[in-house]
$ cat target15.cif   # mmCIF, C-alpha atoms
data_run
#
loop_
_atom_site.group_PDB
_atom_site.id
_atom_site.type_symbol
_atom_site.label_atom_id
_atom_site.label_comp_id
_atom_site.auth_asym_id
_atom_site.auth_seq_id
_atom_site.Cartn_x
_atom_site.Cartn_y
_atom_site.Cartn_z
ATOM 1 C CA MET T 1 42.457 17.888 40.214
ATOM 2 C CA GLU T 2 42.616 14.488 38.651
ATOM 3 C CA MET T 3 38.982 13.917 39.568
ATOM 4 C CA ASN T 4 37.886 16.868 37.361
ATOM 5 C CA VAL T 5 39.878 15.520 34.420
ATOM 6 C CA ILE T 6 38.166 12.120 34.768
ATOM 7 C CA ASN T 7 34.709 13.724 34.975
ATOM 8 C CA GLN T 8 35.363 15.884 31.916
ATOM 9 C CA SER T 9 36.620 12.970 29.839
ATOM 10 C CA GLY T 10 33.688 10.886 31.091
ATOM 11 C CA ARG T 11 31.266 13.557 29.897
ATOM 12 C CA ARG T 12 33.009 13.699 26.552
ATOM 13 C CA TYR T 13 32.557 9.944 26.242
ATOM 14 C CA TRP T 14 28.818 9.927 27.043
ATOM 15 C CA VAL T 15 27.774 12.780 24.763
ATOM 16 C CA PRO T 16 28.617 10.909 21.506
ATOM 17 C CA VAL T 17 27.148 7.683 22.896
ATOM 18 C CA LEU T 18 23.868 9.439 23.726
ATOM 19 C CA LEU T 19 23.751 11.135 20.316
ATOM 20 C CA VAL T 20 24.321 7.830 18.484
ATOM 21 C CA GLY T 21 21.706 6.128 20.675
ATOM 22 C CA LEU T 22 19.173 8.843 19.913
ATOM 23 C CA LEU T 23 19.815 8.552 16.162
ATOM 24 C CA VAL T 24 19.417 4.763 16.266
ATOM 25 C CA ILE T 25 16.160 4.957 18.206
ATOM 26 C CA THR T 26 14.572 7.598 15.965
ATOM 27 C CA GLY T 27 15.879 5.927 12.794
ATOM 28 C CA CYS T 28 14.272 2.591 13.687
ATOM 29 C CA GLU T 29 10.717 3.902 13.928
ATOM 30 C CA PRO T 30 8.483 1.843 11.628
ATOM 31 C CA ALA T 31 7.194 3.670 8.562
ATOM 32 C CA GLU T 32 3.466 4.312 8.232
ATOM 33 C CA TYR T 33 3.508 2.633 4.834
ATOM 34 C CA ARG T 34 5.453 0.259 2.601
ATOM 35 C CA SER T 35 6.657 1.397 -0.794
ATOM 36 C CA TYR T 36 7.310 -0.653 -3.952
ATOM 37 C CA THR T 37 8.882 0.944 -7.039
ATOM 38 C CA GLY T 38 9.546 -0.821 -10.319
ATOM 39 C CA LYS T 39 8.602 -1.404 -13.930
ATOM 40 C CA ALA T 40 6.256 -4.291 -13.040
ATOM 41 C CA ILE T 41 4.636 -4.960 -9.672
ATOM 42 C CA GLN T 42 2.472 -7.956 -8.721
ATOM 43 C CA ILE T 43 -0.368 -7.937 -6.227
ATOM 44 C CA ASP T 44 -1.373 -11.419 -5.045
ATOM 45 C CA PHE T 45 -5.042 -11.170 -4.112
ATOM 46 C CA GLY T 46 -5.149 -14.992 -3.847
ATOM 47 C CA ALA T 47 -3.073 -14.710 -0.674
ATOM 48 C CA MET T 48 -5.374 -12.022 0.741
ATOM 49 C CA GLU T 49 -5.522 -12.514 4.483
ATOM 50 C CA GLY T 50 -6.812 -10.378 7.291
ATOM 51 C CA VAL T 51 -7.507 -7.227 5.281
ATOM 52 C CA THR T 52 -9.253 -4.909 7.707
ATOM 53 C CA GLU T 53 -10.950 -1.520 7.686
ATOM 54 C CA ASP T 54 -8.760 1.423 6.789
ATOM 55 C CA GLN T 55 -5.934 -0.623 5.251
ATOM 56 C CA TRP T 56 -5.101 0.871 1.876
ATOM 57 C CA ILE T 57 -3.209 0.491 -1.375
ATOM 58 C CA GLU T 58 -2.074 3.437 -3.481
ATOM 59 C CA VAL T 59 -0.978 3.284 -7.132
ATOM 60 C CA GLU T 60 0.935 6.494 -7.813
ATOM 61 C CA ASP T 61 -1.509 8.943 -6.187
ATOM 62 C CA ILE T 62 -4.721 6.905 -6.521
ATOM 63 C CA ARG T 63 -5.567 5.520 -3.071
ATOM 64 C CA PHE T 64 -8.045 2.701 -2.473
ATOM 65 C CA THR T 65 -9.174 2.225 1.127
ATOM 66 C CA HIS T 66 -10.655 -1.063 2.329
ATOM 67 C CA THR T 67 -14.040 -1.010 4.019
ATOM 68 C CA GLN T 68 -16.270 -3.642 5.570
ATOM 69 C CA ASP T 69 -19.402 -1.809 4.432
ATOM 70 C CA MET T 70 -20.617 -3.608 1.305
ATOM 71 C CA TYR T 71 -22.704 -0.648 0.144
ATOM 72 C CA GLN T 72 -19.769 1.756 0.442
ATOM 73 C CA PHE T 73 -17.384 -0.274 -1.740
ATOM 74 C CA ALA T 74 -20.156 -1.142 -4.205
ATOM 75 C CA ASN T 75 -21.108 2.492 -4.777
ATOM 76 C CA GLU T 76 -17.914 4.511 -4.319
ATOM 77 C CA THR T 77 -14.975 4.192 -6.704
ATOM 78 C CA LEU T 78 -12.023 4.467 -4.312
ATOM 79 C CA PHE T 79 -13.078 1.756 -1.850
ATOM 80 C CA LEU T 80 -12.282 -1.964 -1.843
ATOM 81 C CA PRO T 81 -13.780 -4.681 0.337
ATOM 82 C CA THR T 82 -12.028 -6.137 3.384
ATOM 83 C CA SER T 83 -11.539 -9.904 3.852
ATOM 84 C CA GLN T 84 -15.065 -10.016 5.247
ATOM 85 C CA VAL T 85 -17.869 -7.620 4.390
ATOM 86 C CA GLU T 86 -20.996 -6.779 6.289
ATOM 87 C CA TYR T 87 -24.129 -7.686 4.400
ATOM 88 C CA GLU T 88 -27.537 -7.605 6.085
ATOM 89 C CA ASN T 89 -25.895 -7.494 9.551
ATOM 90 C CA THR T 90 -23.809 -10.603 8.822
ATOM 91 C CA LEU T 91 -20.068 -10.813 8.128
ATOM 92 C CA THR T 92 -19.518 -12.646 4.851
ATOM 93 C CA PRO T 93 -16.083 -13.774 3.552
ATOM 94 C CA MET T 94 -15.049 -11.983 0.383
ATOM 95 C CA ASN T 95 -13.744 -13.945 -2.617
ATOM 96 C CA PRO T 96 -10.173 -12.721 -3.343
ATOM 97 C CA HIS T 97 -10.800 -13.137 -7.087
ATOM 98 C CA GLU T 98 -13.698 -10.670 -6.886
ATOM 99 C CA VAL T 99 -11.566 -8.197 -4.940
ATOM 100 C CA ALA T 100 -8.862 -8.413 -7.637
ATOM 101 C CA LEU T 101 -11.392 -7.847 -10.427
ATOM 102 C CA HIS T 102 -12.935 -4.959 -8.497
ATOM 103 C CA PHE T 103 -9.519 -3.343 -7.936
ATOM 104 C CA ALA T 104 -8.410 -3.789 -11.581
ATOM 105 C CA SER T 105 -11.584 -2.313 -13.049
ATOM 106 C CA ARG T 106 -11.727 0.621 -10.626
ATOM 107 C CA LEU T 107 -8.041 1.439 -11.113
ATOM 108 C CA GLN T 108 -8.357 1.322 -14.899
ATOM 109 C CA GLU T 109 -11.510 3.467 -14.780
ATOM 110 C CA THR T 110 -9.851 6.084 -12.544
ATOM 111 C CA MET T 111 -6.707 6.223 -14.722
ATOM 112 C CA ASN T 112 -8.777 6.534 -17.926
ATOM 113 C CA ILE T 113 -10.737 9.479 -16.503
ATOM 114 C CA ALA T 114 -7.551 11.258 -15.378
ATOM 115 C CA ASN T 115 -5.874 10.633 -18.748
ATOM 116 C CA SER T 116 -8.869 11.918 -20.732
ATOM 117 C CA GLU T 117 -9.113 15.090 -18.630
ATOM 118 C CA SER T 118 -5.416 15.917 -18.973
ATOM 119 C CA GLU T 119 -4.501 18.513 -21.587
ATOM 120 C CA GLU T 120 -0.802 17.578 -21.429
ATOM 121 C CA GLY T 121 -1.189 13.958 -22.514
ATOM 122 C CA PRO T 122 -1.684 10.806 -20.455
ATOM 123 C CA VAL T 123 -1.065 11.189 -16.742
ATOM 124 C CA TYR T 124 -0.849 7.433 -16.141
ATOM 125 C CA GLN T 125 1.077 5.016 -18.344
ATOM 126 C CA ILE T 126 0.337 1.999 -16.130
ATOM 127 C CA LYS T 127 -1.194 -1.057 -17.776
ATOM 128 C CA VAL T 128 -3.224 -3.557 -15.775
ATOM 129 C CA VAL T 129 -2.173 -7.031 -16.943
ATOM 130 C CA GLN T 130 -4.897 -9.261 -15.624
ATOM 131 C CA ASP T 131 -3.523 -12.653 -14.719
ATOM 132 C CA LEU T 132 -7.042 -13.417 -13.602
ATOM 133 C CA ASN T 133 -9.240 -16.214 -14.834
ATOM 134 C CA LEU T 134 -12.564 -17.782 -13.996
ATOM 135 C CA TYR T 135 -10.893 -20.518 -11.942
ATOM 136 C CA GLY T 136 -9.874 -18.205 -9.164
ATOM 137 C CA ALA T 137 -6.345 -17.139 -10.079
ATOM 138 C CA SER T 138 -6.018 -13.772 -8.409
ATOM 139 C CA LEU T 139 -2.582 -12.503 -9.372
ATOM 140 C CA LEU T 140 -2.589 -9.012 -10.803
ATOM 141 C CA THR T 141 0.413 -7.371 -12.477
ATOM 142 C CA LEU T 142 0.702 -3.649 -13.098
ATOM 143 C CA ARG T 143 3.311 -2.632 -15.677
ATOM 144 C CA VAL T 144 4.749 0.429 -17.417
ATOM 145 C CA GLU T 145 6.604 0.373 -20.746
ATOM 146 C CA GLU T 146 9.056 3.139 -19.820
ATOM 147 C CA GLY T 147 10.376 4.281 -16.474
ATOM 148 C CA GLU T 148 9.006 3.085 -13.150
ATOM 149 C CA PHE T 149 5.984 3.641 -10.948
ATOM 150 C CA THR T 150 5.270 3.295 -7.242
ATOM 151 C CA ILE T 151 2.730 1.406 -5.190
ATOM 152 C CA ARG T 152 2.403 2.178 -1.498
ATOM 153 C CA THR T 153 0.410 0.205 1.056
ATOM 154 C CA SER T 154 -0.496 0.630 4.676
ATOM 155 C CA ARG T 155 2.183 -0.961 6.868
ATOM 156 C CA GLU T 156 0.177 -4.049 7.840
ATOM 157 C CA TYR T 157 -1.444 -4.565 4.435
ATOM 158 C CA GLY T 158 -2.990 -8.040 4.165
ATOM 159 C CA ILE T 159 -2.325 -8.594 0.445
ATOM 160 C CA PRO T 160 1.224 -9.453 -0.710
ATOM 161 C CA VAL T 161 2.819 -6.964 -3.120
ATOM 162 C CA GLN T 162 6.190 -7.462 -4.811
ATOM 163 C CA VAL T 163 8.314 -5.833 -7.477
ATOM 164 C CA VAL T 164 8.945 -8.317 -10.314
ATOM 165 C CA GLU T 165 10.808 -6.088 -12.744
#

$ encode --input "target15.cif" --output "structure tokens"
Amino acid sequence: MEMNVINQSGRRYWVPVLLVGLLVITGCEPAEYRSYTGKAIQIDFGAMEGVTEDQWIEVEDIRFTHTQDMYQFANETLFLPTSQVEYENTLTPMNPHEVALHFASRLQETMNIANSESEEGPVYQIKVVQDLNLYGASLLTLRVEEGEFTIRTSREYGIPVQVVE
């Protein structure tokens, strides 16, 4: 008889342990993206390293995907270059300053189009504060006057992003 009591209490002990273990394992799965929410968010293109195909950055719901194909990012609005682009069958390093300028102009263009097409007023209140200069500074700050906005990136994104306000 005592043996049954021990087995039953042993089972009662393992059930909660297994449930907690299962919750810990499923809760520790890495997210598919990183999310940054704030009033001002900086993107440091100067520290751009190892940006590869299919990495992406999304400002609110505007997603830019990185591609190695120079013609694709040159001709299509929602693409950005990787750290190296293919040009005439040769991989060429990309200047981070150019990537920052490309991103800022394409983001502003996309937001302006969406805002002008909206009948309910501006959709995007984000301002691109270009901390960019001809000497290669490649720090870009996006800011809103009221409220907050969100930037998401692919999990292994090769350009540092941080909330500054």

$ resolve_selection --input "target15.cif" --expression "the PyMOL selection byres ((chain T and resi 80-83) around 9)" --output "ChimeraX atom specification"
/T:48-56,64-70,72-74,76-79,84-85,92-96,99,102-103,158

$ resolve_selection --input "target15.cif" --expression "the PyMOL selection byres ((chain T and resi 161) around 7)" --output "list in words"
Gln42, Ile43, Asp44, Ile159, Pro160 and Gln162 of chain T

$ axis_aligned_box --input "target15.cif" --around "region 143-153 of chain T" --padding-each-side "3 Å" --output "lines of an AutoDock Vina configuration file"
center_x = 5.4
center_y = 0.8
center_z = -9.8
size_x = 16.0
size_y = 12.9
size_z = 27.8

$ resolve_selection --input "target15.cif" --expression "the PyMOL selection byres ((chain T and resi 36) around 10)" --output "list in words"
Arg34, Ser35, Thr37, Gly38, Ala40, Ile41, Gln42, Val59, Phe149, Thr150, Ile151, Arg152, Thr153, Val161, Gln162 and Val163 of chain T

$ write_last_selection --input "target15.cif" --atoms "C-alpha atoms" --output "PDB file, in the coordinates of the input"
ATOM      1  CA  ARG T  34       5.453   0.259   2.601  1.00  0.00           C
ATOM      2  CA  SER T  35       6.657   1.397  -0.794  1.00  0.00           C
ATOM      3  CA  THR T  37       8.882   0.944  -7.039  1.00  0.00           C
ATOM      4  CA  GLY T  38       9.546  -0.821 -10.319  1.00  0.00           C
ATOM      5  CA  ALA T  40       6.256  -4.291 -13.040  1.00  0.00           C
ATOM      6  CA  ILE T  41       4.636  -4.960  -9.672  1.00  0.00           C
ATOM      7  CA  GLN T  42       2.472  -7.956  -8.721  1.00  0.00           C
ATOM      8  CA  VAL T  59      -0.978   3.284  -7.132  1.00  0.00           C
ATOM      9  CA  PHE T 149       5.984   3.641 -10.948  1.00  0.00           C
ATOM     10  CA  THR T 150       5.270   3.295  -7.242  1.00  0.00           C
ATOM     11  CA  ILE T 151       2.730   1.406  -5.190  1.00  0.00           C
ATOM     12  CA  ARG T 152       2.403   2.178  -1.498  1.00  0.00           C
ATOM     13  CA  THR T 153       0.410   0.205   1.056  1.00  0.00           C
ATOM     14  CA  VAL T 161       2.819  -6.964  -3.120  1.00  0.00           C
ATOM     15  CA  GLN T 162       6.190  -7.462  -4.811  1.00  0.00           C
ATOM     16  CA  VAL T 163       8.314  -5.833  -7.477  1.00  0.00           C
TER      17      VAL T 163
END

$ residues_around --input "target15.cif" --residues "Val123 (chain T)" --least-positions-apart "4" --cutoff "9 Å" --atoms "all atoms listed in the file" --output "PyMOL selection string"
chain T and resi 111+114-116+118

$ closest_residue --input "target15.cif" --among "T:Tyr124, T:Ala31, T:Glu148, T:Glu156" --to "Leu107 (chain T)" --atoms "only C-alpha atoms"
T:Tyr124

$ atom_distance --input "target15.cif" --atom1 "CA of Val129 (chain T)" --atom2 "CA of Arg143 (chain T)"
7.1 Å
